Each structure stands twice: as structure tokens, then as C-alpha cells.
$ cat protein_21.cif   # mmCIF, C-alpha atoms
data_coords
loop_
_atom_site.group_PDB
_atom_site.id
_atom_site.type_symbol
_atom_site.label_atom_id
_atom_site.label_comp_id
_atom_site.auth_asym_id
_atom_site.auth_seq_id
_atom_site.Cartn_x
_atom_site.Cartn_y
_atom_site.Cartn_z
ATOM 1 C CA MET G 173 -37.055 -7.686 -33.909
ATOM 2 C CA SER G 174 -35.508 -10.939 -32.700
ATOM 3 C CA THR G 175 -35.101 -13.935 -34.937
ATOM 4 C CA THR G 176 -36.288 -16.398 -32.299
ATOM 5 C CA ASP G 177 -39.062 -16.834 -29.777
ATOM 6 C CA PRO G 178 -38.118 -14.702 -26.714
ATOM 7 C CA ALA G 179 -39.751 -17.316 -24.477
ATOM 8 C CA GLY G 180 -36.793 -19.587 -25.178
ATOM 9 C CA ARG G 181 -36.562 -23.335 -25.057
ATOM 10 C CA THR G 182 -35.921 -26.108 -22.554
ATOM 11 C CA TYR G 183 -33.646 -28.956 -23.608
ATOM 12 C CA ASP G 184 -32.521 -32.331 -22.384
ATOM 13 C CA LEU G 185 -28.910 -32.980 -23.345
ATOM 14 C CA VAL G 186 -26.962 -36.244 -23.290
ATOM 15 C CA HIS G 187 -23.321 -36.472 -24.375
ATOM 16 C CA ARG G 188 -21.756 -39.912 -24.141
ATOM 17 C CA THR G 189 -18.234 -40.984 -25.112
ATOM 18 C CA THR G 190 -17.351 -44.702 -25.242
ATOM 19 C CA TYR G 191 -13.937 -46.310 -25.640
ATOM 20 C CA GLU G 192 -13.600 -50.049 -26.412
ATOM 21 C CA TYR G 193 -10.027 -51.270 -25.888
ATOM 22 C CA PRO G 194 -8.492 -54.355 -27.547
ATOM 23 C CA GLN G 195 -6.515 -55.178 -24.400
ATOM 24 C CA PRO G 196 -7.191 -54.481 -20.710
ATOM 25 C CA VAL G 197 -6.394 -50.979 -19.529
ATOM 26 C CA THR G 198 -5.002 -50.814 -16.010
ATOM 27 C CA ASP G 199 -5.473 -47.064 -15.473
ATOM 28 C CA SER G 200 -7.390 -44.273 -17.224
ATOM 29 C CA TYR G 201 -6.964 -40.604 -16.333
ATOM 30 C CA GLY G 202 -9.132 -38.022 -18.004
ATOM 31 C CA ARG G 203 -10.397 -34.468 -17.895
ATOM 32 C CA THR G 204 -13.799 -33.523 -19.245
ATOM 33 C CA THR G 205 -15.400 -30.271 -20.334
ATOM 34 C CA MET G 206 -18.899 -31.685 -20.693
ATOM 35 C CA THR G 207 -20.923 -29.567 -18.250
ATOM 36 C CA PRO G 208 -22.743 -26.700 -20.042
ATOM 37 C CA ARG G 209 -22.208 -23.131 -18.913
ATOM 38 C CA ASP G 210 -24.688 -21.438 -16.587
ATOM 39 C CA LEU G 211 -25.251 -18.039 -18.237
ATOM 40 C CA PRO G 212 -27.761 -15.175 -18.136
ATOM 41 C CA ASP G 213 -29.391 -16.537 -21.315
ATOM 42 C CA GLN G 214 -28.778 -20.219 -20.541
ATOM 43 C CA ARG G 215 -29.866 -21.605 -17.178
ATOM 44 C CA LEU G 216 -28.493 -24.974 -16.128
ATOM 45 C CA VAL G 217 -31.409 -26.673 -14.366
ATOM 46 C CA THR G 218 -29.826 -30.050 -13.616
ATOM 47 C CA THR G 219 -26.569 -31.721 -14.593
ATOM 48 C CA SER G 220 -24.643 -34.900 -13.838
ATOM 49 C CA LEU G 221 -21.484 -36.628 -15.028
ATOM 50 C CA THR G 222 -20.905 -40.366 -14.690
ATOM 51 C CA VAL G 223 -17.860 -42.471 -15.487
ATOM 52 C CA ASP G 224 -18.004 -46.255 -15.892
ATOM 53 C CA PRO G 225 -16.035 -47.985 -14.378
ATOM 54 C CA GLU G 226 -16.432 -45.839 -11.286
ATOM 55 C CA PRO G 227 -13.377 -43.626 -10.707
ATOM 56 C CA ALA G 228 -11.166 -44.092 -7.661
ATOM 57 C CA ASP G 229 -10.815 -40.335 -7.556
ATOM 58 C CA THR G 230 -12.592 -37.383 -9.170
ATOM 59 C CA HIS G 231 -12.572 -33.624 -8.785
ATOM 60 C CA THR G 232 -14.535 -30.772 -10.373
ATOM 61 C CA HIS G 233 -13.256 -27.226 -10.733
ATOM 62 C CA VAL G 234 -13.748 -24.071 -12.804
ATOM 63 C CA ASP G 235 -10.922 -23.288 -15.234
ATOM 64 C CA TRP G 236 -9.396 -19.959 -16.313
ATOM 65 C CA PHE G 237 -12.161 -19.367 -18.848
ATOM 66 C CA GLY G 238 -14.971 -20.137 -16.394
ATOM 67 C CA SER G 239 -15.779 -23.583 -17.802
ATOM 68 C CA THR G 240 -16.604 -26.442 -15.449
ATOM 69 C CA THR G 241 -14.117 -29.270 -15.882
ATOM 70 C CA THR G 242 -14.025 -32.636 -14.143
ATOM 71 C CA TRP G 243 -10.906 -34.731 -13.620
ATOM 72 C CA PHE G 244 -11.171 -38.494 -12.989
ATOM 73 C CA GLY G 245 -8.894 -41.453 -12.400
ATOM 74 C CA VAL G 246 -10.080 -45.032 -13.051
ATOM 75 C CA THR G 247 -7.735 -47.619 -11.515
ATOM 76 C CA THR G 248 -9.902 -50.706 -12.024
ATOM 77 C CA PRO G 249 -8.717 -52.801 -15.004
ATOM 78 C CA HIS G 250 -11.188 -52.402 -17.859
ATOM 79 C CA THR G 251 -11.683 -52.876 -21.585
ATOM 80 C CA ARG G 252 -14.499 -50.337 -21.878
ATOM 81 C CA LEU G 253 -14.719 -46.758 -20.614
ATOM 82 C CA VAL G 254 -17.932 -44.736 -20.800
ATOM 83 C CA VAL G 255 -18.247 -41.055 -19.835
ATOM 84 C CA THR G 256 -21.787 -39.642 -19.864
ATOM 85 C CA SER G 257 -22.967 -36.110 -19.210
ATOM 86 C CA ARG G 258 -26.692 -35.372 -18.757
ATOM 87 C CA SER G 259 -28.196 -31.905 -18.388
ATOM 88 C CA THR G 260 -31.466 -30.041 -18.578
ATOM 89 C CA LEU G 261 -31.228 -26.414 -19.675
ATOM 90 C CA GLU G 262 -33.452 -23.406 -20.282
ATOM 91 C CA VAL G 263 -32.103 -21.330 -23.179
ATOM 92 C CA SER G 264 -33.490 -17.840 -23.798
ATOM 93 C CA ARG G 265 -30.766 -16.560 -26.115
ATOM 94 C CA VAL G 266 -31.940 -14.213 -28.873
ATOM 95 C CA ALA G 267 -29.958 -13.546 -32.041
ATOM 96 C CA PRO G 268 -29.842 -9.748 -32.302
ATOM 97 C CA ALA G 269 -31.004 -7.972 -35.419
ATOM 98 C CA ARG G 270 -28.282 -6.156 -37.348
ATOM 99 C CA ALA G 271 -30.016 -2.809 -36.803
ATOM 100 C CA ASP G 272 -29.930 -3.301 -33.014
ATOM 101 C CA LEU G 273 -26.146 -3.726 -32.818
ATOM 102 C CA PRO G 274 -23.623 -0.900 -32.363
ATOM 103 C CA ASP G 275 -22.297 0.506 -35.616
ATOM 104 C CA VAL G 276 -18.580 0.543 -34.690
ATOM 105 C CA ARG G 277 -15.828 0.419 -37.301
ATOM 106 C CA TRP G 278 -13.441 -2.507 -37.147
ATOM 107 C CA ARG G 279 -10.278 -0.372 -37.211
ATOM 108 C CA SER G 280 -11.500 1.686 -34.235
ATOM 109 C CA VAL G 281 -12.055 -1.533 -32.252
ATOM 110 C CA ALA G 282 -8.565 -2.806 -33.138
ATOM 111 C CA ARG G 283 -7.010 0.528 -32.134
ATOM 112 C CA ALA G 284 -8.919 0.562 -28.834
ATOM 113 C CA VAL G 285 -7.719 -2.950 -27.981
ATOM 114 C CA ALA G 286 -4.128 -2.096 -28.813
ATOM 115 C CA ALA G 287 -4.306 1.118 -26.750
ATOM 116 C CA GLY G 288 -6.193 -0.442 -23.858
ATOM 117 C CA ASP G 289 -8.955 2.172 -24.156
ATOM 118 C CA LEU G 290 -11.457 0.874 -21.596
ATOM 119 C CA GLY G 291 -14.075 3.506 -22.415
ATOM 120 C CA ALA G 292 -14.116 2.799 -26.137
ATOM 121 C CA LEU G 293 -14.217 -0.944 -25.489
ATOM 122 C CA HIS G 294 -17.008 -0.683 -22.890
ATOM 123 C CA THR G 295 -15.143 -2.940 -20.465
ATOM 124 C CA ASP G 296 -13.063 -2.877 -17.272
ATOM 125 C CA THR G 297 -9.471 -3.916 -16.672
ATOM 126 C CA THR G 298 -10.438 -7.557 -16.146
ATOM 127 C CA GLY G 299 -12.259 -7.549 -19.461
ATOM 128 C CA LEU G 300 -9.263 -5.928 -21.130
ATOM 129 C CA VAL G 301 -7.111 -8.903 -20.121
ATOM 130 C CA ALA G 302 -9.577 -11.248 -21.815
ATOM 131 C CA LEU G 303 -9.686 -9.061 -24.931
ATOM 132 C CA ARG G 304 -5.911 -8.824 -25.179
ATOM 133 C CA GLU G 305 -5.664 -12.605 -24.796
ATOM 134 C CA ALA G 306 -8.247 -13.023 -27.581
ATOM 135 C CA VAL G 307 -6.086 -11.265 -30.195
ATOM 136 C CA LEU G 308 -3.031 -13.511 -29.761
ATOM 137 C CA PRO G 309 -2.135 -16.573 -31.835
ATOM 138 C CA SER G 310 -2.742 -19.870 -30.063
ATOM 139 C CA ALA G 311 -2.208 -23.608 -30.474
ATOM 140 C CA HIS G 312 -4.720 -24.000 -33.323
ATOM 141 C CA VAL G 313 -4.944 -20.397 -34.555
ATOM 142 C CA THR G 314 -1.876 -19.187 -36.436
ATOM 143 C CA PHE G 315 -1.070 -15.962 -38.255
ATOM 144 C CA VAL G 316 -0.046 -17.024 -41.756
ATOM 145 C CA ASP G 317 0.000 -15.357 -45.166
ATOM 146 C CA GLU G 318 -2.659 -17.715 -46.542
ATOM 147 C CA VAL G 319 -5.221 -16.496 -44.010
ATOM 148 C CA ARG G 320 -4.242 -12.868 -44.487
ATOM 149 C CA ALA G 321 -4.717 -13.174 -48.263
ATOM 150 C CA TRP G 322 -8.054 -14.980 -47.902
ATOM 151 C CA ALA G 323 -9.389 -12.423 -45.405
ATOM 152 C CA ALA G 324 -8.123 -9.328 -47.232
ATOM 153 C CA PRO G 325 -11.302 -8.553 -49.247
ATOM 154 C CA SER G 326 -13.394 -8.422 -46.059
ATOM 155 C CA PHE G 327 -11.000 -5.941 -44.404
ATOM 156 C CA ALA G 328 -10.166 -3.805 -47.448
ATOM 157 C CA THR G 329 -11.952 -0.745 -46.059
ATOM 158 C CA ASP G 330 -12.797 0.497 -42.559
ATOM 159 C CA ARG G 331 -16.258 -1.008 -42.523
ATOM 160 C CA PRO G 332 -18.561 -1.573 -39.541
ATOM 161 C CA LEU G 333 -17.321 -4.539 -37.536
ATOM 162 C CA LEU G 334 -20.713 -6.237 -37.821
ATOM 163 C CA ASP G 335 -20.539 -6.130 -41.607
ATOM 164 C CA VAL G 336 -17.120 -7.793 -41.458
ATOM 165 C CA VAL G 337 -18.412 -10.516 -39.117
ATOM 166 C CA LEU G 338 -21.485 -11.243 -41.222
ATOM 167 C CA GLU G 339 -19.425 -11.325 -44.408
ATOM 168 C CA LEU G 340 -16.867 -13.733 -42.901
ATOM 169 C CA VAL G 341 -19.512 -16.215 -41.756
ATOM 170 C CA HIS G 342 -21.131 -16.044 -45.191
ATOM 171 C CA ARG G 343 -17.866 -16.449 -47.078
ATOM 172 C CA ILE G 344 -16.800 -19.476 -45.045
ATOM 173 C CA ARG G 345 -20.212 -21.090 -45.527
ATOM 174 C CA SER G 346 -20.199 -20.462 -49.282
ATOM 175 C CA GLU G 347 -16.512 -20.817 -50.183
ATOM 176 C CA ILE G 348 -15.478 -23.866 -48.130
ATOM 177 C CA THR G 349 -17.220 -27.235 -48.274
ATOM 178 C CA TYR G 350 -18.375 -28.954 -45.093
ATOM 179 C CA ARG G 351 -17.016 -32.501 -45.328
ATOM 180 C CA SER G 352 -17.052 -34.783 -42.304
ATOM 181 C CA GLY G 353 -13.748 -36.580 -41.764
ATOM 182 C CA SER G 354 -11.809 -34.324 -44.123
ATOM 183 C CA THR G 355 -9.636 -32.859 -41.348
ATOM 184 C CA THR G 356 -8.201 -33.649 -37.915
ATOM 185 C CA VAL G 357 -7.706 -31.522 -34.807
ATOM 186 C CA HIS G 358 -4.204 -30.789 -36.140
ATOM 187 C CA THR G 359 -5.317 -29.383 -39.514
ATOM 188 C CA THR G 360 -3.974 -25.857 -40.000
ATOM 189 C CA GLN G 361 -5.766 -22.911 -41.558
ATOM 190 C CA ALA G 362 -3.370 -23.037 -44.524
ATOM 191 C CA GLN G 363 -4.239 -26.700 -45.118
ATOM 192 C CA LEU G 364 -7.957 -25.962 -44.802
ATOM 193 C CA LEU G 365 -7.777 -23.223 -47.429
ATOM 194 C CA ALA G 366 -5.676 -25.395 -49.731
ATOM 195 C CA GLN G 367 -8.101 -28.314 -49.698
ATOM 196 C CA GLY G 368 -11.258 -26.215 -49.517
ATOM 197 C CA ALA G 369 -13.085 -28.544 -47.128
ATOM 198 C CA GLY G 370 -13.369 -29.005 -43.384
ATOM 199 C CA VAL G 371 -15.691 -29.182 -40.399
ATOM 200 C CA CYS G 372 -17.094 -26.729 -37.877
ATOM 201 C CA GLN G 373 -13.979 -26.440 -35.729
ATOM 202 C CA ASP G 374 -11.886 -25.671 -38.834
ATOM 203 C CA PHE G 375 -14.340 -22.974 -39.885
ATOM 204 C CA ALA G 376 -14.252 -21.448 -36.400
ATOM 205 C CA HIS G 377 -10.447 -21.472 -36.316
ATOM 206 C CA LEU G 378 -10.250 -19.813 -39.749
ATOM 207 C CA MET G 379 -12.627 -17.022 -38.791
ATOM 208 C CA ILE G 380 -10.852 -16.470 -35.472
ATOM 209 C CA ALA G 381 -7.488 -16.275 -37.249
ATOM 210 C CA ALA G 382 -8.836 -13.721 -39.755
ATOM 211 C CA LEU G 383 -10.183 -11.512 -36.961
ATOM 212 C CA ARG G 384 -7.149 -11.747 -34.681
ATOM 213 C CA LEU G 385 -4.799 -10.991 -37.558
ATOM 214 C CA HIS G 386 -6.527 -7.620 -37.728
ATOM 215 C CA GLY G 387 -6.373 -6.971 -33.982
ATOM 216 C CA LEU G 388 -9.980 -7.953 -33.261
ATOM 217 C CA PRO G 389 -10.754 -10.084 -30.178
ATOM 218 C CA ALA G 390 -12.281 -13.456 -31.054
ATOM 219 C CA ARG G 391 -12.663 -16.654 -29.076
ATOM 220 C CA TYR G 392 -13.634 -20.256 -29.819
ATOM 221 C CA ALA G 393 -17.043 -21.386 -28.556
ATOM 222 C CA SER G 394 -17.867 -25.063 -28.070
ATOM 223 C CA GLY G 395 -21.302 -26.560 -27.595
ATOM 224 C CA TYR G 396 -24.238 -28.023 -29.462
ATOM 225 C CA ILE G 397 -26.931 -27.044 -31.939
ATOM 226 C CA GLU G 398 -30.394 -28.575 -32.100
ATOM 227 C CA THR G 399 -30.726 -30.532 -35.329
ATOM 228 C CA ARG G 400 -34.058 -31.267 -36.949
ATOM 229 C CA PRO G 401 -34.967 -34.158 -39.268
ATOM 230 C CA ARG G 402 -36.288 -33.656 -42.746
ATOM 231 C CA PRO G 403 -40.079 -33.307 -42.950
ATOM 232 C CA GLY G 404 -41.786 -36.645 -42.388
ATOM 233 C CA ARG G 405 -38.705 -38.336 -40.932
ATOM 234 C CA PRO G 406 -38.089 -39.169 -37.270
ATOM 235 C CA LYS G 407 -35.172 -37.639 -35.398
ATOM 236 C CA LEU G 408 -32.314 -40.110 -35.001
ATOM 237 C CA ARG G 409 -31.517 -40.379 -31.306
ATOM 238 C CA GLY G 410 -27.896 -40.012 -30.288
ATOM 239 C CA ALA G 411 -26.943 -38.818 -33.779
ATOM 240 C CA ASP G 412 -26.306 -35.167 -32.938
ATOM 241 C CA ALA G 413 -22.754 -33.901 -32.532
ATOM 242 C CA SER G 414 -20.664 -31.286 -30.785
ATOM 243 C CA HIS G 415 -20.522 -27.965 -32.578
ATOM 244 C CA ALA G 416 -18.177 -24.982 -32.675
ATOM 245 C CA TRP G 417 -18.592 -21.317 -33.537
ATOM 246 C CA VAL G 418 -16.994 -17.916 -32.892
ATOM 247 C CA SER G 419 -17.492 -15.112 -30.351
ATOM 248 C CA VAL G 420 -16.427 -11.622 -31.414
ATOM 249 C CA TRP G 421 -16.116 -8.635 -29.074
ATOM 250 C CA VAL G 422 -18.404 -5.775 -30.117
ATOM 251 C CA PRO G 423 -18.025 -2.650 -27.935
ATOM 252 C CA GLY G 424 -21.401 -1.591 -26.604
ATOM 253 C CA HIS G 425 -22.804 -5.091 -27.000
ATOM 254 C CA GLY G 426 -20.266 -7.563 -25.638
ATOM 255 C CA TRP G 427 -19.410 -10.964 -27.058
ATOM 256 C CA LEU G 428 -21.408 -11.666 -30.193
ATOM 257 C CA ASP G 429 -21.695 -15.329 -31.218
ATOM 258 C CA ALA G 430 -21.642 -16.162 -34.932
ATOM 259 C CA ASP G 431 -21.730 -19.569 -36.616
ATOM 260 C CA PRO G 432 -19.737 -19.780 -39.875
ATOM 261 C CA THR G 433 -20.819 -23.379 -40.456
ATOM 262 C CA ASN G 434 -24.452 -22.288 -40.815
ATOM 263 C CA ASP G 435 -24.005 -18.627 -41.809
ATOM 264 C CA GLN G 436 -26.002 -17.180 -38.914
ATOM 265 C CA LEU G 437 -25.862 -15.560 -35.514
ATOM 266 C CA VAL G 438 -26.344 -17.841 -32.524
ATOM 267 C CA ASP G 439 -29.806 -18.079 -30.935
ATOM 268 C CA ASP G 440 -31.749 -20.395 -28.621
ATOM 269 C CA ARG G 441 -31.125 -23.440 -30.812
ATOM 270 C CA TYR G 442 -27.581 -23.474 -29.429
ATOM 271 C CA VAL G 443 -26.242 -24.713 -26.092
ATOM 272 C CA VAL G 444 -22.916 -23.284 -24.918
ATOM 273 C CA LEU G 445 -20.512 -25.764 -23.365
ATOM 274 C CA GLY G 446 -17.495 -23.498 -22.937
ATOM 275 C CA TRP G 447 -15.058 -21.194 -24.663
ATOM 276 C CA GLY G 448 -11.354 -20.513 -24.933
ATOM 277 C CA ARG G 449 -8.600 -19.457 -27.287
ATOM 278 C CA ASP G 450 -9.270 -22.429 -29.590
ATOM 279 C CA TYR G 451 -10.286 -26.099 -29.506
ATOM 280 C CA HIS G 452 -7.310 -26.959 -27.291
ATOM 281 C CA ASP G 453 -8.936 -25.140 -24.345
ATOM 282 C CA VAL G 454 -12.339 -26.885 -24.478
ATOM 283 C CA PRO G 455 -12.145 -30.469 -25.797
ATOM 284 C CA PRO G 456 -15.039 -32.492 -24.325
ATOM 285 C CA LEU G 457 -12.667 -35.233 -23.161
ATOM 286 C CA ARG G 458 -8.910 -35.751 -23.050
ATOM 287 C CA GLY G 459 -6.673 -38.054 -21.085
ATOM 288 C CA VAL G 460 -4.142 -40.890 -20.948
ATOM 289 C CA ILE G 461 -4.377 -44.660 -20.478
ATOM 290 C CA PHE G 462 -1.950 -47.377 -19.378
ATOM 291 C CA THR G 463 -2.169 -50.622 -21.345
ATOM 292 C CA GLU G 464 -0.026 -53.241 -23.088
ATOM 293 C CA GLY G 465 -2.316 -53.019 -26.115
ATOM 294 C CA GLY G 466 -3.215 -50.173 -28.438
ATOM 295 C CA GLY G 467 -5.557 -47.290 -27.872
ATOM 296 C CA ALA G 468 -9.039 -46.880 -29.277
ATOM 297 C CA SER G 469 -11.015 -44.282 -31.186
ATOM 298 C CA PRO G 470 -13.977 -42.911 -29.234
ATOM 299 C CA ARG G 471 -17.607 -43.449 -30.178
ATOM 300 C CA VAL G 472 -19.467 -40.231 -29.433
ATOM 301 C CA GLU G 473 -23.255 -40.033 -29.079
ATOM 302 C CA VAL G 474 -24.992 -36.702 -28.536
ATOM 303 C CA ASP G 475 -28.681 -35.998 -28.070
ATOM 304 C CA LEU G 476 -30.082 -32.460 -27.765
ATOM 305 C CA VAL G 477 -33.879 -32.565 -27.718
ATOM 306 C CA PRO G 478 -36.803 -30.577 -26.316
ATOM 307 C CA ALA G 479 -37.295 -31.436 -22.644
ATOM 308 C CA GLY G 480 -39.673 -34.299 -22.060
ATOM 309 C CA SER G 481 -38.804 -36.165 -25.280
ATOM 310 C CA GLU G 482 -38.136 -39.881 -25.152
ATOM 311 C CA PRO G 483 -34.814 -40.159 -23.290
ATOM 312 C CA PHE G 484 -31.652 -41.350 -24.971
ATOM 313 C CA VAL G 485 -30.010 -44.074 -22.876
#

$ encode --input "protein_21.cif" --output "C-alpha cells"
Amino acid sequence: MSTTDPAGRTYDLVHRTTYEYPQPVTDSYGRTTMTPRDLPDQRLVTTSLTVDPEPADTHTHVDWFGSTTTWFGVTTPHTRLVVTSRSTLEVSRVAPARADLPDVRWRSVARAVAAGDLGALHTDTTGLVALREAVLPSAHVTFVDEVRAWAAPSFATDRPLLDVVLELVHRIRSEITYRSGSTTVHTTQAQLLAQGAGVCQDFAHLMIAALRLHGLPARYASGYIETRPRPGRPKLRGADASHAWVSVWVPGHGWLDADPTNDQLVDDRYVVLGWGRDYHDVPPLRGVIFTEGGGASPRVEVDLVPAGSEPFV
């Protein structure tokens, strides 16, 4: 049985990033990953991306991982830059029941990846490239003794891969405190374990590191999760946030998405923006500016609501 309504959901999504600069900026050049993926279980109905001031040049392309990215160059002097993505999506994703997933042992998956056994992995040569890439260290996922020691209890025996995945998401949720502002994009897994607190991207990086250390393909997924107010309270508009979770390759099933922040498999409450080796491959917005003054911290406003709700502007 599924854990969600198979009919799925339709969402309106707004993601806005605003920069207010203390001194005029002569030029801003940026690259966004703010257009959600169009997938078999996530249909992109409409989407748009606007930049204010209007760019002198812009270009959209699909990157190595299949994510839609948009480059822009603003050459009009400005003290405020606003980048807004708007989309409507139909999400029919169902979180599979444990009993419906293949009962493959984690060591057999690691051996198949190392040997390039296409039959055991249920993939082709193109998929093997992606799997091999997903077991390597990357900019924000490092192979260190602290992670190996933390992960060891979950890999002590040759258990079913799904049991390992479910245990990792539960351990991260229960052993590490979610604390907004406690880390930065440069926080390492060793630092996270030492301080015992972090945010969703830290949790995703830790779980990915634990899996890759044991030869298991795992990638970083970026997107959003529908948040709900407490009973009797209105939903705060624009107060949602980007979210991150983990995709693990399960032969016979494919990429399985698991959320260590919330200790659950991913369902139709989630919207997938993109994926990559780690956060470095899918930041919503990055770029450079030219100014005599200092930079500015972004103000990010996200709204993911059932379609037809009062629009966030």
C-alpha cells in the first residue's frame, strides 16, 4: 500500500531571492537552478523566471545532471536585484512501502557497482556512469574517519540495503539536532558530527558520505517540501524554504529518495528541483557582482501551496 494519495497533488510554487546592496552595483552575473524538474511523477505545467532589473543577456540550458539552469547578466546599475521563479506542478509521487522494494543486500550492490555488473544493477552503460560518479567524494562530501566511525553500526552486517537506508535516515533524525543557522555551506561532515547540530543540507551530505564510503551510489536532491501550519493557525506565506534529501540507487527499483531531516521516504509532498553530487551542483542561485561597496546577504522567500491558493507576490 502507498503512504500517499495516488491521485497526487497540484502545487503553485514561488521562489524569490532578493539582494539589497549598500552601494550601486554596476554589473550582476548569475546562474540559477530554480526551474523544477519535469519527471514521470512530477509534471511541470507552467514555469517562468524573471530577473529585476531586466538582464541585458540571458540563456537557459540543461546541465550534465539534466537540471534546467538559467544564466543572466544585468548591466544596468542597481542597488536591488530580485530573481523570481514561478511554477505550477502536478506531483503524483508515491512513497513505496518497504515490502514492495527489492530485498537486495548492500554488499552485493557495492560489489556490482565496483565490477560494473549491468545485469545486477538493472541499468545500462549510461546509467553505470552515473552510478560510478555517485560513489566518489565531491566538493561537500568527504571520506573521513569520523563519518566511517559514525556509520559503522549501520553497516556492521550484510543487511538489506533498504534496512540500511531506513536506519540512516532515522539515526540522523534522532541523533543530530536540526538547528537553523548552526552551519554554513562550508561545514564539513566531521564538524557536523562534532557539534551535533545542522540543517537539511548537512544531513543529506552526511548520509551521502556514509553510503559512498561503502561503495553505494547516492546523490544530493534539492527541492521543496510542503509545510503545514499547526492546527488552527494560518499558513505563513513566503515562509517556506528550500529543502534537501538523498537519492540512493536500489537495483530493481531505481533511485529511491529518502529524507533524513524528517525520517521518511519522499512522496507527493515534495517537489524536486534538481540533483547532483552535492549542494555545489544545484544551488538555487550563484553569481558575481561588480561594485565599490560590499556585498549583501540574500533574502529568500519560498511558497509551496496547493494550486489555486491566494498567490504570494

$ resolve_selection --input "protein_21.cif" --expression "the PyMOL selection byres ((chain G and resi 413) around 6)" --output "number ranges by chain"
G: 412, 414, 474

$ closest_atom_pairs --input "protein_21.cif" --of "stretch 180-230 of chain G" --to "stretch 253-258 of chain G" --cutoff "10 Å" --atoms "only C-alpha atoms" --output "CSV"
residue,atom,partner,partner_atom,distance
G:Asp184,CA,G:Arg258,CA,7.5
G:Leu185,CA,G:Arg258,CA,5.6
G:Val186,CA,G:Arg258,CA,4.6
G:His187,CA,G:Ser257,CA,5.2
G:Arg188,CA,G:Thr256,CA,4.3
G:Thr189,CA,G:Val255,CA,5.3
G:Thr190,CA,G:Val254,CA,4.5
G:Tyr191,CA,G:Leu253,CA,5.1
G:Glu192,CA,G:Leu253,CA,6.8
G:Tyr193,CA,G:Leu253,CA,8.4
G:Val197,CA,G:Leu253,CA,9.4
G:Ser200,CA,G:Leu253,CA,8.4
G:Gly202,CA,G:Val255,CA,9.8
G:Thr204,CA,G:Val255,CA,8.8
G:Thr205,CA,G:Ser257,CA,9.6
G:Met206,CA,G:Ser257,CA,6.2
G:Thr207,CA,G:Ser257,CA,6.9
G:Pro208,CA,G:Ser257,CA,9.4
G:Thr218,CA,G:Arg258,CA,8.0
G:Thr219,CA,G:Arg258,CA,5.5
G:Ser220,CA,G:Arg258,CA,5.3
G:Leu221,CA,G:Ser257,CA,4.5
G:Thr222,CA,G:Thr256,CA,5.3
G:Val223,CA,G:Val255,CA,4.6
G:Asp224,CA,G:Val254,CA,5.1
G:Pro225,CA,G:Leu253,CA,6.5
G:Glu226,CA,G:Leu253,CA,9.5

$ atom_distance --input "protein_21.cif" --atom1 "atom CA of G:Leu385" --atom2 "atom CA of G:Gly353"
27.4 Å

$ closest_residue --input "protein_21.cif" --among "G:Asp429, G:Arg209, G:Arg279, G:His250" --to "G:Val234" --atoms "all atoms listed in the file"
G:Arg209

$ atom_distance --input "protein_21.cif" --atom1 "atom CA of G:Ile397" --atom2 "atom CA of G:Leu334"
22.5 Å

$ residues_around --input "protein_21.cif" --residues "G:Tyr392" --least-positions-apart "3" --cutoff "10 Å" --atoms "all atoms listed in the file" --output "JSON, numbers by chain"
{"G": [306, 313, 373, 376, 377, 379, 380, 416, 417, 418, 419, 420, 429, 446, 447, 448, 449, 450, 451, 452, 453, 454]}

$ residues_near_point --input "protein_21.cif" --point "(-18.6, -30.0, -46.8)" --cutoff "8 Å" --atoms "only C-alpha atoms" --output "short mmCIF file (atom, residue, chain, number, x, y, z; two decimals) with C-alpha atoms, in the coordinates of the input"
data_model
loop_
_atom_site.label_atom_id
_atom_site.label_comp_id
_atom_site.auth_asym_id
_atom_site.auth_seq_id
_atom_site.Cartn_x
_atom_site.Cartn_y
_atom_site.Cartn_z
CA ILE G 348 -15.48 -23.87 -48.13
CA THR G 349 -17.22 -27.24 -48.27
CA TYR G 350 -18.38 -28.95 -45.09
CA ARG G 351 -17.02 -32.50 -45.33
CA SER G 352 -17.05 -34.78 -42.30
CA ALA G 369 -13.08 -28.54 -47.13
CA GLY G 370 -13.37 -29.00 -43.38
CA VAL G 371 -15.69 -29.18 -40.40
#

$ resolve_selection --input "protein_21.cif" --expression "the PyMOL selection byres ((chain G and resi 182) around 10)" --output "list in words"
Ala179, Gly180, Arg181, Tyr183, Asp184, Leu185, Gln214, Arg215, Leu216, Val217, Thr260, Leu261, Glu262, Val263, Ser264, Asp440, Arg441, Val477, Pro478, Ala479 and Gly480 of chain G

$ closest_residue --input "protein_21.cif" --among "G:Gly424, G:Thr251, G:Leu378, G:Ala311" --to "G:Leu290" --atoms "all atoms listed in the file"
G:Gly424

$ closest_residue --input "protein_21.cif" --among "G:Ala269, G:Ala302, G:Ala393, G:Leu293" --to "G:Asp431" --atoms "only C-alpha atoms"
G:Ala393

$ residues_near_point --input "protein_21.cif" --point "(-4.7, -13.3, -31.0)" --cutoff "8 Å" --atoms "only C-alpha atoms" --output "compact mmCIF listing (two decimals) with C-alpha atoms, keeping the file's coordinate frame"
# COMPACT_ATOMS: atom_id res chain seq x y z
CA ARG G 304 -5.91 -8.82 -25.18
CA GLU G 305 -5.66 -12.60 -24.80
CA ALA G 306 -8.25 -13.02 -27.58
CA VAL G 307 -6.09 -11.26 -30.20
CA LEU G 308 -3.03 -13.51 -29.76
CA PRO G 309 -2.13 -16.57 -31.84
CA SER G 310 -2.74 -19.87 -30.06
CA VAL G 313 -4.94 -20.40 -34.56
CA ALA G 381 -7.49 -16.27 -37.25
CA ARG G 384 -7.15 -11.75 -34.68
CA LEU G 385 -4.80 -10.99 -37.56
CA GLY G 387 -6.37 -6.97 -33.98
CA LEU G 388 -9.98 -7.95 -33.26
CA PRO G 389 -10.75 -10.08 -30.18
CA ALA G 390 -12.28 -13.46 -31.05

$ closest_residue --input "protein_21.cif" --among "G:Gln436, G:Thr399, G:Thr232, G:Ser239" --to "G:Asp475" --atoms "all atoms listed in the file"
G:Thr399

$ resolve_selection --input "protein_21.cif" --expression "the PyMOL selection byres ((chain G and resi 345) around 7)" --output "list in words"
Val341, His342, Arg343, Ile344, Ser346, Glu347, Ile348, Pro432, Thr433, Asn434 and Asp435 of chain G

$ atom_distance --input "protein_21.cif" --atom1 "atom CA of G:Val281" --atom2 "atom CA of G:Ser394"
24.6 Å

$ axis_aligned_box --input "protein_21.cif" --around "stretch 391-401 of chain G" --padding-each-side "5 Å" --output "lines of an AutoDock Vina configuration file"
center_x = -23.8
center_y = -25.4
center_z = -33.4
size_x = 32.3
size_y = 27.5
size_z = 21.7

$ closest_residue --input "protein_21.cif" --among "G:Pro470, G:Gly245, G:Pro423, G:Pro212" --to "G:Leu300" --atoms "all atoms listed in the file"
G:Pro423
